[in-house]
Amino acid sequence: MDATEPLDDCAALEAVRRQGKLNQAILVLTKADKVFAEGMPDVNEYIFDRILNKASDCKYFSELKGVVAVANRKHTDTVTLLQAVDEENQQFEAMLQAATSSYAEETAQQHLRDGMTTQKLFEKMDSMYHVHMVEVWGPTALARIHVARCNASTALADLGEAPDNLGANKILQKLHTAVRSTYLHSTDIMHVHNEHALASLV
């Protein structure tokens, strides 16, 4: 979301809240470099307070998985990605150096650094995906595999013994049973057909 704008009426954040997914969401503050470069008087409130969960424009921040501010990379940039990372780090470092004394405490500084740059965003996303894989996706996939194996075993058992495991006597016995069952079934059909034929003659 655009860091230069207030978040009181942010439709996207409200939609996430209605779905009950705030604890699975990271709020990304884009254009954070623009806030600082243009000398906006609200840089503390629009960047620092939001990262530190002290912002006055959003009461849902405490429920979020995290808040991360990132710098925009222009489409006209000719620098490499590695150079862009260095530039972003320098921009946020300058922002921190210019912070007022209320943000100078070591704990506040560390918290702010953990909520700045694209690299920190990727680290938070990677952590979330890891937790999801271990706690949700993995157990769900294993449970589905277990059900599929049970179903396959049941279907295989319904087919009967494998021919390789049957002796000659068992094969003949099964053939005899199959033929007898088919013959009895066909004679039953013929019997019913004959009864209908006699009934029609009467």
# chains A, B, ... in the order shown; residues from 1 in each chain; ligands from 1
$ residues_around --residues "Met128 in chain A" --least-positions-apart "4" --cutoff "9 Å" --atoms "only C-alpha atoms" --output "ChimeraX atom specification"
/A:24,65,123-124,132-133
$ residues_around --residues "range 12-19 of chain A" --least-positions-apart "6" --cutoff "10 Å" --atoms "only C-alpha atoms" --output "number ranges by chain"
A: 1, 25, 27, 58, 60-61, 63-64
$ write_last_selection --atoms "C-alpha atoms" --output "CSV table (one decimal), in the first residue's frame"
chain,number,residue,atom,x,y,z
A,1,MET,CA,0.0,0.0,0.0
A,25,ALA,CA,-0.9,-10.8,6.2
A,27,LEU,CA,1.4,-4.9,5.2
A,58,CYS,CA,-5.0,2.0,11.5
A,60,TYR,CA,-5.6,-3.3,13.0
A,61,PHE,CA,-1.8,-3.1,12.9
A,63,GLU,CA,-3.2,-8.1,14.4
A,64,LEU,CA,-1.0,-8.1,11.3
$ select_by_dssp --residues "chain A" --states "alpha helix (DSSP H)" --output "number ranges by chain"
A: 11-18, 32-37, 43, 49-51, 81-97, 106-114, 118-132, 138-158, 168-201
